[in-house]
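Text of the file query_9.cif, holding mmCIF, C-alpha atoms and all ligand atoms:
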```cif
data_protein
#
loop_
_atom_site.label_atom_id
_atom_site.label_comp_id
_atom_site.auth_asym_id
_atom_site.auth_seq_id
_atom_site.Cartn_x
_atom_site.Cartn_y
_atom_site.Cartn_z
CA MET D 1 44.15 139.75 -122.79
CA SER D 2 44.39 136.05 -121.83
CA ILE D 3 41.85 134.63 -119.46
CA ILE D 4 42.24 131.88 -116.85
CA ALA D 5 40.30 129.78 -114.38
CA PRO D 6 37.80 129.02 -116.15
CA GLU D 7 37.69 132.18 -118.18
CA LEU D 8 36.59 134.25 -115.20
CA VAL D 9 39.63 136.25 -114.17
CA SER D 10 42.05 138.13 -116.37
CA ARG D 11 45.77 137.58 -115.98
CA GLU D 12 46.12 141.30 -115.33
CA ARG D 13 43.73 141.03 -112.37
CA VAL D 14 45.81 138.18 -110.92
CA ARG D 15 49.03 140.13 -111.58
CA GLU D 16 47.55 143.17 -109.84
CA ALA D 17 46.65 140.97 -106.83
CA GLY D 18 50.19 139.58 -106.86
CA ARG D 19 51.65 143.09 -106.81
CA ALA D 20 49.51 144.07 -103.84
CA LEU D 21 50.27 140.89 -101.89
CA ALA D 22 54.01 141.15 -102.58
CA ALA D 23 53.97 144.63 -101.03
CA GLU D 24 52.05 143.43 -97.97
CA SER D 25 54.34 140.44 -97.62
CA ALA D 26 57.47 142.59 -97.69
CA ARG D 27 55.94 144.79 -95.00
CA PHE D 28 55.10 141.86 -92.68
CA ALA D 29 58.44 140.18 -93.35
CA GLY D 30 60.05 143.44 -92.24
CA TYR D 31 58.29 143.00 -88.89
CA GLY D 32 59.85 139.51 -88.56
CA TRP D 33 56.47 137.82 -88.93
CA MET D 34 57.33 135.68 -92.00
CA ARG D 35 60.67 134.13 -91.20
CA GLY D 36 61.84 130.95 -92.88
CA THR D 37 59.09 131.01 -95.56
CA GLY D 38 56.39 131.20 -92.85
CA GLY D 39 53.06 132.87 -93.56
CA ASN D 40 50.84 133.32 -96.61
CA LEU D 41 48.48 135.98 -97.97
CA SER D 42 45.42 135.94 -100.19
CA VAL D 43 42.92 138.24 -101.83
CA VAL D 44 39.58 137.42 -103.42
CA VAL D 45 39.57 138.06 -107.17
CA GLU D 46 36.11 136.62 -107.92
CA ARG D 47 33.22 135.91 -105.55
CA HIS D 48 30.90 133.70 -107.65
CA PRO D 49 32.45 131.21 -107.94
CA LEU D 50 34.97 131.97 -105.21
CA LEU D 51 38.49 132.47 -106.56
CA LEU D 52 41.46 133.80 -104.61
CA ALA D 53 44.97 134.79 -105.54
CA VAL D 54 47.16 133.21 -102.83
CA THR D 55 50.89 133.25 -102.36
CA ALA D 56 52.68 130.25 -103.87
CA SER D 57 54.00 127.67 -101.41
CA GLY D 58 57.50 127.54 -100.00
CA LEU D 59 58.77 130.94 -101.11
CA ASP D 60 60.76 133.41 -99.06
CA LYS D 61 57.96 135.85 -98.24
CA SER D 62 60.35 138.78 -97.94
CA GLU D 63 61.11 138.78 -101.65
CA LEU D 64 57.89 137.98 -103.50
CA THR D 65 57.17 139.48 -106.91
CA GLU D 66 53.85 140.10 -108.64
CA ARG D 67 54.13 136.66 -110.25
CA ASP D 68 54.26 134.75 -106.96
CA VAL D 69 50.55 134.09 -106.53
CA VAL D 70 48.47 131.09 -107.60
CA LEU D 71 44.76 131.17 -108.35
CA VAL D 72 42.74 128.83 -106.11
CA GLY D 73 39.10 127.86 -105.74
CA GLU D 74 36.89 127.36 -102.71
CA ASP D 75 38.68 124.17 -101.63
CA GLY D 76 42.09 125.86 -101.79
CA GLY D 77 43.21 123.78 -104.77
CA SER D 78 44.77 125.37 -107.83
CA ALA D 79 42.21 126.77 -110.25
CA ASP D 80 44.69 127.46 -113.03
CA PRO D 81 45.58 124.32 -114.99
CA GLY D 82 48.33 126.26 -116.76
CA ASP D 83 50.19 127.02 -113.52
CA PRO D 84 52.32 124.13 -112.19
CA ARG D 85 53.24 125.84 -108.90
CA PRO D 86 51.62 124.63 -105.69
CA PRO D 87 49.51 127.21 -103.90
CA SER D 88 50.13 127.84 -100.22
CA ALA D 89 49.62 124.72 -98.13
CA GLU D 90 47.13 126.78 -96.11
CA ALA D 91 45.09 128.07 -99.06
CA GLY D 92 42.12 125.93 -97.98
CA LEU D 93 41.73 127.85 -94.74
CA HIS D 94 42.08 131.18 -96.56
CA ALA D 95 39.27 130.21 -98.93
CA HIS D 96 37.12 129.01 -96.08
CA ILE D 97 37.58 132.23 -94.10
CA ALA D 98 36.79 134.31 -97.19
CA ALA D 99 33.64 132.28 -97.84
CA ARG D 100 32.46 132.16 -94.22
CA THR D 101 33.14 135.79 -93.28
CA GLY D 102 32.83 137.60 -96.63
CA ALA D 103 36.40 138.87 -96.27
CA GLU D 104 38.14 140.20 -99.38
CA ALA D 105 41.65 139.60 -98.03
CA VAL D 106 43.04 137.02 -95.58
CA PHE D 107 46.52 137.28 -94.07
CA HIS D 108 48.44 134.62 -92.10
CA VAL D 109 51.74 135.25 -90.30
CA HIS D 110 53.97 133.46 -87.79
CA ALA D 111 54.20 136.34 -85.30
CA ILE D 112 55.82 134.83 -82.19
CA ASP D 113 53.57 136.68 -79.73
CA ALA D 114 50.51 135.08 -81.31
CA VAL D 115 52.06 131.64 -80.80
CA ILE D 116 52.92 132.42 -77.17
CA ALA D 117 49.41 133.79 -76.56
CA GLY D 118 47.87 130.62 -78.03
CA HIS D 119 50.04 128.54 -75.69
CA ARG D 120 49.20 130.64 -72.64
CA TRP D 121 45.43 130.95 -73.31
CA PRO D 122 44.35 127.83 -75.30
CA ASP D 123 40.65 128.62 -74.76
CA GLY D 124 40.94 132.06 -76.35
CA VAL D 125 42.62 135.34 -75.53
CA GLU D 126 40.44 137.79 -73.63
CA ILE D 127 41.20 141.47 -74.10
CA ARG D 128 39.64 144.53 -72.48
CA ASP D 129 40.29 148.20 -71.75
CA LEU D 130 42.74 148.95 -74.52
CA GLU D 131 42.41 151.84 -76.96
CA MET D 132 43.78 149.67 -79.77
CA LEU D 133 40.64 147.48 -79.62
CA LYS D 134 39.03 150.19 -81.73
CA GLY D 135 41.39 149.13 -84.54
CA ILE D 136 39.56 145.80 -84.83
CA GLY D 137 36.15 147.47 -84.64
CA HIS D 138 35.42 147.07 -80.92
CA PRO D 139 34.94 149.65 -78.16
CA ALA D 140 37.94 150.43 -76.01
CA HIS D 141 35.96 149.92 -72.78
CA ASP D 142 32.96 148.06 -71.32
CA ALA D 143 33.41 144.96 -73.47
CA VAL D 144 35.54 141.84 -73.47
CA VAL D 145 36.92 140.79 -76.84
CA ARG D 146 38.03 137.18 -77.25
CA ILE D 147 40.45 136.21 -80.01
CA PRO D 148 39.72 132.52 -80.54
CA VAL D 149 42.37 129.79 -80.57
CA ILE D 150 42.13 126.56 -82.57
CA GLN D 151 44.48 123.61 -82.53
CA ASN D 152 46.85 123.22 -85.44
CA HIS D 153 46.24 120.54 -88.09
CA GLN D 154 47.84 119.78 -91.45
CA ASP D 155 44.47 119.17 -93.11
CA MET D 156 42.86 122.52 -93.91
CA ALA D 157 39.38 120.93 -93.95
CA VAL D 158 39.91 120.05 -90.29
CA GLU D 159 41.11 123.57 -89.51
CA ALA D 160 38.12 125.00 -91.38
CA ALA D 161 35.75 122.94 -89.21
CA ARG D 162 37.60 124.16 -86.12
CA PHE D 163 37.27 127.72 -87.37
CA ASP D 164 33.50 127.28 -87.66
CA GLU D 165 33.35 126.08 -84.05
CA VAL D 166 34.89 129.30 -82.73
CA TYR D 167 33.79 131.97 -85.24
CA ARG D 168 30.97 134.23 -84.03
CA THR D 169 28.94 135.84 -86.78
CA PRO D 170 28.72 139.58 -86.08
CA THR D 171 25.42 141.05 -84.93
CA ASP D 172 24.13 144.62 -84.58
CA GLU D 173 25.28 144.50 -80.95
CA VAL D 174 28.53 142.57 -81.22
CA PRO D 175 31.04 143.29 -83.99
CA GLU D 176 33.11 140.60 -85.63
CA VAL D 177 36.47 139.58 -84.19
CA PRO D 178 38.50 139.48 -87.43
CA ALA D 179 41.40 137.42 -86.09
CA LEU D 180 42.26 133.84 -85.17
CA ILE D 181 45.19 132.15 -83.46
CA VAL D 182 46.29 128.68 -84.57
CA ALA D 183 48.08 127.12 -81.61
CA GLY D 184 51.74 126.29 -82.07
CA HIS D 185 51.63 127.94 -85.47
CA GLY D 186 50.60 131.59 -85.97
CA MET D 187 47.67 133.90 -86.53
CA TYR D 188 45.19 134.91 -89.22
CA ALA D 189 43.40 138.21 -89.75
CA TRP D 190 41.03 139.27 -92.49
CA GLY D 191 38.97 142.20 -93.69
CA GLY D 192 36.83 143.74 -96.38
CA SER D 193 39.87 145.08 -98.21
CA ILE D 194 43.62 144.60 -98.18
CA SER D 195 44.05 147.67 -96.00
CA ALA D 196 41.41 146.46 -93.52
CA ALA D 197 43.03 143.02 -93.28
CA ARG D 198 46.41 144.71 -92.73
CA ARG D 199 44.98 146.90 -89.98
CA HIS D 200 43.34 143.94 -88.26
CA LEU D 201 46.57 141.94 -88.44
CA GLU D 202 48.71 144.77 -87.09
CA VAL D 203 46.28 145.71 -84.34
CA GLY D 204 45.64 142.06 -83.44
CA GLU D 205 49.34 141.39 -83.13
CA TRP D 206 49.81 144.57 -81.06
CA LEU D 207 47.09 143.44 -78.62
CA LEU D 208 48.62 139.96 -78.29
CA ARG D 209 52.11 141.38 -77.83
CA TYR D 210 50.86 143.69 -75.10
CA LEU D 211 49.12 140.86 -73.21
CA VAL D 212 52.09 138.52 -73.54
CA ASP D 213 54.44 141.21 -72.27
CA VAL D 214 52.36 142.40 -69.31
CA THR D 215 51.58 138.87 -68.13
CA GLY D 216 55.00 137.39 -68.86
C1 LIG X 301 58.32 127.05 -92.18
S1 LIG X 301 56.77 127.54 -92.74
C2 LIG X 301 55.71 126.10 -92.60
C3 LIG X 301 54.46 126.20 -93.42
C4 LIG X 301 53.58 127.32 -92.94
O1 LIG X 301 53.04 127.26 -91.85
C5 LIG X 301 53.40 128.54 -93.71
O2 LIG X 301 52.76 129.47 -93.25
C6 LIG X 301 53.96 128.70 -95.08
O3 LIG X 301 53.40 127.75 -95.94
P1 LIG X 301 53.28 128.06 -97.51
O4 LIG X 301 52.86 126.74 -98.10
O5 LIG X 301 52.25 129.12 -97.66
O6 LIG X 301 54.62 128.54 -97.98
ZN ZN X 302 51.74 129.00 -91.36
#
```

What does this structure look like when you write it as structure tokens?
Amino acid sequence: MSIIAPELVSRERVREAGRALAAESARFAGYGWMRGTGGNLSVVVERHPLLLAVTASGLDKSELTERDVVLVGEDGGSADPGDPRPPSAEAGLHAHIAARTGAEAVFHVHAIDAVIAGHRWPDGVEIRDLEMLKGIGHPAHDAVVRIPVIQNHQDMAVEAARFDEVYRTPTDEVPEVPALIVAGHGMYAWGGSISAARRHLEVGEWLLRYLVDVTG
């Protein structure tokens, strides 16, 4: 079995990650969240040092195959010298979120309701009294959950610093909010597994869609 980057991750492990992300990508594209090549997905394949398989840049996310991921390191740059394809332009923020939160999977989509919510509530989207809050690990009642909003930037180091300004480390009393809106752009969600990240993305988008619709 051949080994890559730098001899830490097997090609089969990266291929397996690519298979899983292609399936997730097809699912989200089916929702209309990845139109026009928008969006990107990643999964951690090694923690020390941090390595992620992230979707390659510029592809139609509705038709990815298991080969359409690139291995990246903690700065989001390619970690596989043998792979000429550019990783997602947003890989740096994926890596930062994985490092900062401990997430095993990070998903980014261009769901239109997230963009509208970021426009309508630039200081963060406050949500309360909805059963679906339980899907992102919060109680349905007696708490206000704020999905943070950061301004868009083309430099992922700038976006990572903006993420740190709004991210609240979970405590025993207050669970994590595993979602982020990037204004004029889209949303991110993450989790301790691919299925958890998917659930957080789907529930987060549902909550934003509800708020946009009822206040529209
Ligand atoms: C028309 S999509 C613009 C770039 C973007 O925001 C995105 O999510 C896709 O970028 P990638 O480099 O991952 O293809
Ligand atoms: Zn994007």

Where does chain D meet ligand LIG 301 (chain X) within 9 Å, residue by residue, with the nearest atom pair and distance in Å to one decimal for each, counting only C-alpha atoms and all ligand atoms, listed by chain and rising number, as JSON lines?
```
{"residue": "D:Met34", "atom": "CA", "partner": "X:LIG301", "partner_atom": "O2", "distance": 7.8}
{"residue": "D:Arg35", "atom": "CA", "partner": "X:LIG301", "partner_atom": "C1", "distance": 7.5}
{"residue": "D:Gly36", "atom": "CA", "partner": "X:LIG301", "partner_atom": "C1", "distance": 5.3}
{"residue": "D:Thr37", "atom": "CA", "partner": "X:LIG301", "partner_atom": "S1", "distance": 5.0}
{"residue": "D:Gly38", "atom": "CA", "partner": "X:LIG301", "partner_atom": "S1", "distance": 3.7}
{"residue": "D:Gly39", "atom": "CA", "partner": "X:LIG301", "partner_atom": "O2", "distance": 3.4}
{"residue": "D:Asn40", "atom": "CA", "partner": "X:LIG301", "partner_atom": "O5", "distance": 4.6}
{"residue": "D:Leu41", "atom": "CA", "partner": "X:LIG301", "partner_atom": "O5", "distance": 7.8}
{"residue": "D:Val54", "atom": "CA", "partner": "X:LIG301", "partner_atom": "O5", "distance": 8.3}
{"residue": "D:Thr55", "atom": "CA", "partner": "X:LIG301", "partner_atom": "O5", "distance": 6.4}
{"residue": "D:Ala56", "atom": "CA", "partner": "X:LIG301", "partner_atom": "O5", "distance": 6.3}
{"residue": "D:Ser57", "atom": "CA", "partner": "X:LIG301", "partner_atom": "O6", "distance": 3.6}
{"residue": "D:Gly58", "atom": "CA", "partner": "X:LIG301", "partner_atom": "O6", "distance": 3.7}
{"residue": "D:Leu59", "atom": "CA", "partner": "X:LIG301", "partner_atom": "O6", "distance": 5.7}
{"residue": "D:Asp60", "atom": "CA", "partner": "X:LIG301", "partner_atom": "O6", "distance": 7.9}
{"residue": "D:Lys61", "atom": "CA", "partner": "X:LIG301", "partner_atom": "O6", "distance": 8.0}
{"residue": "D:Pro86", "atom": "CA", "partner": "X:LIG301", "partner_atom": "O4", "distance": 8.0}
{"residue": "D:Pro87", "atom": "CA", "partner": "X:LIG301", "partner_atom": "O4", "distance": 6.7}
{"residue": "D:Ser88", "atom": "CA", "partner": "X:LIG301", "partner_atom": "O5", "distance": 3.6}
{"residue": "D:Ala89", "atom": "CA", "partner": "X:LIG301", "partner_atom": "O4", "distance": 3.8}
{"residue": "D:Glu90", "atom": "CA", "partner": "X:LIG301", "partner_atom": "O5", "distance": 5.8}
{"residue": "D:Ala91", "atom": "CA", "partner": "X:LIG301", "partner_atom": "O5", "distance": 7.4}
{"residue": "D:His108", "atom": "CA", "partner": "X:LIG301", "partner_atom": "O2", "distance": 6.8}
{"residue": "D:Val109", "atom": "CA", "partner": "X:LIG301", "partner_atom": "O2", "distance": 6.6}
{"residue": "D:His110", "atom": "CA", "partner": "X:LIG301", "partner_atom": "O2", "distance": 6.9}
{"residue": "D:His185", "atom": "CA", "partner": "X:LIG301", "partner_atom": "O1", "distance": 6.6}
{"residue": "D:Gly186", "atom": "CA", "partner": "X:LIG301", "partner_atom": "O1", "distance": 7.7}
```

#### Entry: Computed interatomic separation between atom CA of D:Arg146 and atom CA of D:Glu74 (Å)
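Computing it gives 27.3 Å between the two atoms.
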
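Comparing D:His94, D:Arg100, D:Lys134, D:Arg198 by their smallest distance to ligand ZN 302 (chain X), the closest is D:His94 (using all atoms listed in the file).
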
For D:Asn152, the closest of D:Ala22, D:Ala98, D:Ile181, D:Leu51 counting only C-alpha atoms is D:Ile181

Exercise: D:Arg120 partners within 9 Å, only C-alpha atoms, chain neighbours under 5 positions left out, as a CSV table (one decimal) with C-alpha atoms, in the coordinates of the input:
```csv
chain,number,residue,atom,x,y,z
D,115,VAL,CA,52.1,131.6,-80.8
D,125,VAL,CA,42.6,135.3,-75.5
D,212,VAL,CA,52.1,138.5,-73.5
```

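Counting all atoms listed in the file and comparing D:Val14, D:Ile194, D:Leu64, D:Ile112, the residue that lies closest to ligand ZN 302 (chain X) is D:Ile112.
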
In Å to one decimal, how far is atom CA of D:Ala197 from atom CA of D:Val149?
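Computing the Euclidean distance for atom CA of D:Val149 and atom CA of D:Ala197 yields 18.4 Å.
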
- prompt: Could you work out how far atom CA of D:Gly184 lies from atom CA of D:His153, giving the answer in Å with one decimal?
  reply: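 A separation of 10.0 Å between them.
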
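Among the candidates D:Asp68, D:Trp190, D:Ala20, D:Thr171, the residue lying nearest to D:His96 is D:Trp190 (atoms considered: only C-alpha atoms).
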